[in-house]
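Have a look at the structure below before the remarks.
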Amino acid sequence: MNVISFIRIQKVLFSQARSPVAEMKELIAALLGVLALYIPVGDCVQEFEQRPMNKSVIEGQNVMLECSVRDLAGALQWSKGGIMLGLNPSLPGFARYSIISNTPSQYNLMIESSRLSDDSYYECQASPAGGNPPLKAKAYLTVQVPPEQPEILGYRNASTVALSPDDNQLIMICEVRNGHPAATIEWYRNGNLVVENVRYSSEPTMSGNKLMTARSTITISNIADHHNSIYMCRAKNDALGNNWMQTFVKLNVLSPPGTPEITGYSSGQVIREGDTVRLLCVSRGGNPLPQVKWYRNSEQIDISYTTDSVDARSLNEYTFSVRREDNDAVYRCEASNTASAAPLTSEVSLNVYFPPQSATIRGGGTPVKAGQQVTLTCESSLSNPKAVITWYSRGKIITANSDTVYNPGNNGGFTSRSSVTVTMSEQENNAMYICNAVSDNRAPVATANVTLSVLYPPGAPTIEGYSDSDHVVEDRAARMTCKSVGGNPTATLRWFKGNEPLVSVSSTSGNMVTSELSFLPTPGDNNAIYRCEATNSAINLPLTAVVKLNVYFAPKSVNVSMNPAQPVSGQPLNLYCTSESSNPPATIVWIKNHDQTREIRGVTEGTRPAPNGGSSTTSRLEIMPSSSDHNATYYCKAKNEYINKSTSDGLRISIQFGPVFEPSIALIEMIEKESKTFEMRAVANPTSITYTLYKGGQQSSSFTPNNGKLVISNVRREEAGNYSLKATNSIGSAYHHFQVKVKFPAEITRFQGTVYANEGESASIICGVNGNPVVDNMASWSRPGFDMSKTNQVYSNSERLSQITIHDLLRTDSGKFICTADNKVSPPKRREASLVVRYFAGIDKSRQYAKAGGKHGDTVTLTCKAEGTPDMAFTWSREGEQLQTDSKFAIRSTSASSIFDTHFVSKLTVRGISKADYGTYTCIARNDRGEDQFNIQLNGTSKPDPPYDMTFVNSTKNSITFSWKPGFNGGLDQEFQIQYQRKGSTVVTTTSIDVDKSADRIVHTIKGLELGHEYKIDVLAINELGKTWDEQQFSAKTAVSSGSNTGDSATPATRQSGDDTPVMIILVVCIVGICLLALNIALIFFFVRRRRKRLSHNGTSNHTNALELYAPGKENTYPMYPKTPSDEYNSYGTYEKNMDDLSDDFRNYEHIDQKSTSTHSSNIQCNCYTVRVSSRVNRGSCCLVPESSGSSGQPMAKGKSFLKMETIEETN
């Protein structure tokens, strides 16, 4: 192990008077340079620090193969399966591969999201170099892939395998696919591991694929011994760890059931209809337990069986209510399972008792005369057993003609039939004969009866509800009743109108029969004969009763006519009305146009006979018609006063009359150019009317009368006036008088477009208007944002003229005043008048325009800005000679684009400047109101002039806004930096800003400040030649609340030279630095002596190369930022190297070091380089030896290392 043999500090750190901050920076740089001396050196023979090792990884996970080589001399790279991955650490072409190095000797291979394709040999290789042998080390990466779920081929997981006891053996295969490595498979029976009769094999899932499929086959013999056994296959591979996957099946050995047994009924047992029977069928044994089903007469009726695994039986209980159809029915029970060849059965046949449901009697249903015989036959419905029939009459048993006859029927039942014969006599009238049928003493009785009848005639009929003195009303419901008492059978009543039979409703109460006739009388029923007849089977001719109707009815219509046929206004007109038949006669009244409140009585001219026994009435009405009667309808109303019912009809009359105007508009008001149509219609008969328009007694064509409509198109103001419209037909004429008024919107008729006036004087603008209607103040003046209090407005109604006067004109008063004309007829009309205030404000003599600069051969532009109106004229001169545009000079001046332009610019461009062009140029600006001139100095380039006129604008709780004016830019592009420091803090913040370089004043906001603190603020102007700043320092304070502050929160402050850094801190840093320096000198002295002893022992001499450390340059005395550099500090194109720059320079040392070192077996040579050392020290990893002999000329010893360090400050 070698150490540094010599250190030479070339320059004393504190050789010159410097500021404390500068001294502290140089001291820190020197101390950090000393720390760089601890660089390990020694023999450089490459060897493995860590060899790669075999690893396993689950697919999808990341894995790292470690490899570390000490004193690497050659090139280091990885290979995969013999394929080199490349020397580039990013391994292009292998997206998931990368090299990870935490130390210079590490070269670890990181594989992300591993795949099965990554399963291979990997080799870390170091190539030979400089006599070093090659290094190689292999490791295998196994990529583990979890297999798929195991599967017992042919069976689903948790399924049951049905087996016959006759089967000899069962072979099952468990397969586990797509695992790497192949899965391990185990078989278990009822939780116990099975190893006998088990075969295992594995093979690639696909050719060329590393995924494996594993199979395990188990053979099972003596099937009957394995009933209800559970066989489980479980599997795993290394990717699953201790997590097993499994699947299983259950073995089931089948057997047939036993013969079913029926309980709940015994053969021959008597049951009755309605009883509840519970039949239970039980079948024992069998695997699986059998299905048990019930059948009735071979029809399946119940399959809802239950099983009892404890007693190994199946049961089916069938409960039902017995019906008569169940007699002789066969109930069969069947038991079967998958092992039975055919169902096993048991059955029972039922014996059901049921009574007859009914009994019926034939005969005796119709009346007969005395002496005739009637045979009565009684028959019962089916029953089991056979029913016995008994006859009864008047409470006594009647003997049947013969024995009961029995006939078999369905369901094993029988019908019974018995007959008796009765001779009719008067005593048998209404006698009841009863038959009872009963099957056994517990059964209900079925019974039937019949009543016998003997014939005799009814009583004479009578009519109620109407008499000869009564009347009925048409269409009003009427009712008459016919009654007859006695007779056997009772009478049949029927109604007739003349000989026409009528529909009626009959009813019987005891021996009285009633027939009710309901009808709506019609006029044809007046004087009609209505007859009621009573008959029965005991008489040959009907008995009758009759009535004659008197019907009141109204007339159905009226007939209306007039004379003459064509009435004329003012001539008499007779209207006639004749009603149709009415009973009693109708009365007639007249009604005009449906006005029911006014009935007009005419003259009745008598009645005459009419159809249906009624009378017809005639009435006459005489009127004197007028135009109001035209198209009027006169209705004749004929009314039957007794029944309050009437009919009517009307006659519409057309009266010939002269024109009559309907109500029309008398005053028309319109807006000029408006078009409208007005209704001015006259009515007349004949309807052909001619319209004529008159104005002032003369016929007019201003408007168009068109069939009762007045069409006014694009009305003009001259067409206003009084008009008359005449309507004429063949009978006469009529007039309608109206007035037309034409409105038109206010309009501006006189106007001044532009008014010029001098600053300080007054200006007047006039605006003349016209319109209808004329309103007060029809014209007014306005200007948005202008103080109208300094104006005076006068409006004359007679002249319709508005004048505005603006007093004490200011240059800012230039602008547009708006005259608005409005009389509320349409949207206001507006025109703008331009007021131009003439003035001359002179040339802008700001600092940035007082100078111009450029290098030899450059093109430079001088800028001259002037303010005033009207247009501005510029001239340029130099030393009294006016300049013109030529090959040397170009003059470009702006002109007014509008009358309100007040700012004008003239630019003088000097091409290809030389020393002779430097000097003073004069710009002259003039207009009607004045003249001014400005001298501009043209020089070479320089540092920019300082910004000036720093002004506080606003502040918030975390920001300060301020502005400044830029100075002359030195003839170069300039930028601005903002530096600010909170009062009481040593932290200075510097930021560069982008600004509008053409702006006369720049506004900037500093954000992210602290609440309620005062800040010192500087603005630096920078170009490529240097920096400048305003000597008057600017201070401002942030707001103490969330609002903004625009008050006096800023104060100027005199710039302080020196440093704000506390003296105590500087003193402490210096003492610590001195102590560290003394410690390092002692260490250096110790290592120098030690090395001299070694060299003297080895017989070698020392030689040195220099490692030079550059300390920072001279600091400016102002602490907040580096100031303008002096002329002597310009060697590197910058004012100084900051600490970060030096750090970057030193980092380059490592790359130079590696490239410049060569090693061989007999002699080791290393180059030593001069570098700049920053505050951050990076240790080297290569041994450094002299490239040539030292001062003694002797060669250096092999494998030795020397380092020479210097701290150097360069100046010109």
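To be explicit about the labels: the chains of the structure tokens are called A, B, and onward in the order shown, and within each one the residues are counted from 1, while ligands get numbers from 1 in the order they are shown.
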
Within 12 Å of Val1019 of chain A using only C-alpha atoms, minus same-chain residues under 3 positions, as a count of residues only: 41

DSSP says strand (DSSP E or B) for which residues of segment 827-895 of chain A? Put them as a PyMOL selection string? chain A and resi 829-843+851-853+860-869+873-878+881-882+889-893

Residues near segment 122-129 of chain A, cut-off 12 Å, only C-alpha atoms, skip fewer than 4 positions along chain, as a ChimeraX atom specification: /A:44-48,50-55,64-87,99,105-111,118,133-142,1157-1161

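Minimum atom-to-atom distances from A:Ser467, A:Asn88, A:Asn511, A:Ser314 to Val485 of chain A were compared using only C-alpha atoms, and the lowest value belongs to A:Asn511.
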
From the set A:Gly465, A:Gly130, A:Pro457, A:Pro609, which residue has the shortest atom-to-atom contact distance to Met480 of chain A, counting only C-alpha atoms?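 Among the listed residues, A:Gly465 lies closest to Met480 of chain A.
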
Kindly give the distance, in Å, that separates atom CA of Gly510 of chain A and atom CA of Val546 of chain A, rounded to a single decimal.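 These two atoms are separated by 24.9 Å.
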
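Residues surrounding segment 812-828 of chain A within 6 Å are Pro745, Ala746, Val775, Met778, Ala779, Ser780, Trp781, Ser782, Arg783, Leu810, Arg830, Arg831, Glu832, Ala833, Ser834, Leu835, Val836 and Val837 of chain A [only C-alpha atoms; sequence separation below 2 positions excluded].
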
Hey, what's within 9 Å of Ala757 of chain A if we count only C-alpha atoms and toss same-chain stuff fewer than 2 positions away? As an NGL selection string, please? :A and (755 or 759-763 or 809 or 835-838)

Output N, CA and C atoms for every residue in the selection just made, as a PDB file, in the first residue's frame.
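Writing the result to selection-v2.pdb gives the following:
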```pdb
ATOM      1  N   VAL A 755     -62.748  68.580 -34.548  1.00  0.00           N
ATOM      2  CA  VAL A 755     -62.521  69.932 -34.028  1.00  0.00           C
ATOM      3  C   VAL A 755     -61.114  69.980 -33.446  1.00  0.00           C
ATOM      4  N   GLU A 759     -54.163  73.544 -26.402  1.00  0.00           N
ATOM      5  CA  GLU A 759     -54.170  73.194 -24.981  1.00  0.00           C
ATOM      6  C   GLU A 759     -54.378  74.472 -24.167  1.00  0.00           C
ATOM      7  N   GLY A 760     -55.293  74.430 -23.155  1.00  0.00           N
ATOM      8  CA  GLY A 760     -55.603  75.571 -22.312  1.00  0.00           C
ATOM      9  C   GLY A 760     -56.774  76.395 -22.800  1.00  0.00           C
ATOM     10  N   GLU A 761     -57.188  76.220 -24.064  1.00  0.00           N
ATOM     11  CA  GLU A 761     -58.308  76.968 -24.597  1.00  0.00           C
ATOM     12  C   GLU A 761     -59.604  76.172 -24.422  1.00  0.00           C
ATOM     13  N   SER A 762     -60.690  76.654 -25.058  1.00  0.00           N
ATOM     14  CA  SER A 762     -61.981  75.960 -25.037  1.00  0.00           C
ATOM     15  C   SER A 762     -62.328  75.524 -26.452  1.00  0.00           C
ATOM     16  N   ALA A 763     -63.184  74.460 -26.535  1.00  0.00           N
ATOM     17  CA  ALA A 763     -63.615  73.961 -27.833  1.00  0.00           C
ATOM     18  C   ALA A 763     -65.105  73.678 -27.773  1.00  0.00           C
ATOM     19  N   LEU A 809     -58.811  73.153 -21.872  1.00  0.00           N
ATOM     20  CA  LEU A 809     -58.418  71.899 -22.508  1.00  0.00           C
ATOM     21  C   LEU A 809     -57.058  71.432 -22.014  1.00  0.00           C
ATOM     22  N   LEU A 835     -62.223  65.360 -30.987  1.00  0.00           N
ATOM     23  CA  LEU A 835     -61.595  66.566 -30.445  1.00  0.00           C
ATOM     24  C   LEU A 835     -60.092  66.313 -30.357  1.00  0.00           C
ATOM     25  N   VAL A 836     -59.317  67.142 -31.050  1.00  0.00           N
ATOM     26  CA  VAL A 836     -57.865  67.014 -31.038  1.00  0.00           C
ATOM     27  C   VAL A 836     -57.289  68.250 -30.362  1.00  0.00           C
ATOM     28  N   VAL A 837     -56.594  68.027 -29.228  1.00  0.00           N
ATOM     29  CA  VAL A 837     -55.948  69.129 -28.482  1.00  0.00           C
ATOM     30  C   VAL A 837     -54.514  69.233 -28.970  1.00  0.00           C
ATOM     31  N   ARG A 838     -54.178  70.382 -29.558  1.00  0.00           N
ATOM     32  CA  ARG A 838     -52.837  70.576 -30.104  1.00  0.00           C
ATOM     33  C   ARG A 838     -51.886  70.993 -28.980  1.00  0.00           C
TER      34      ARG A 838
END
```

If you measure from atom CA of Val405 of chain A to atom CA of Cys435 of chain A, what distance in Å do you get, rounded to one decimal?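 Going from atom CA of Val405 of chain A over to atom CA of Cys435 of chain A covers 14.6 Å.
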
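The spacing separating atom CA of Ser626 of chain A from atom CA of Ser579 of chain A amounts to 27.9 Å.
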
Can you list every residue in segment 809-979 of chain A that DSSP puts in helix (DSSP H, G or I), as a PyMOL selection string? chain A and resi 811-813+847-850+915-917
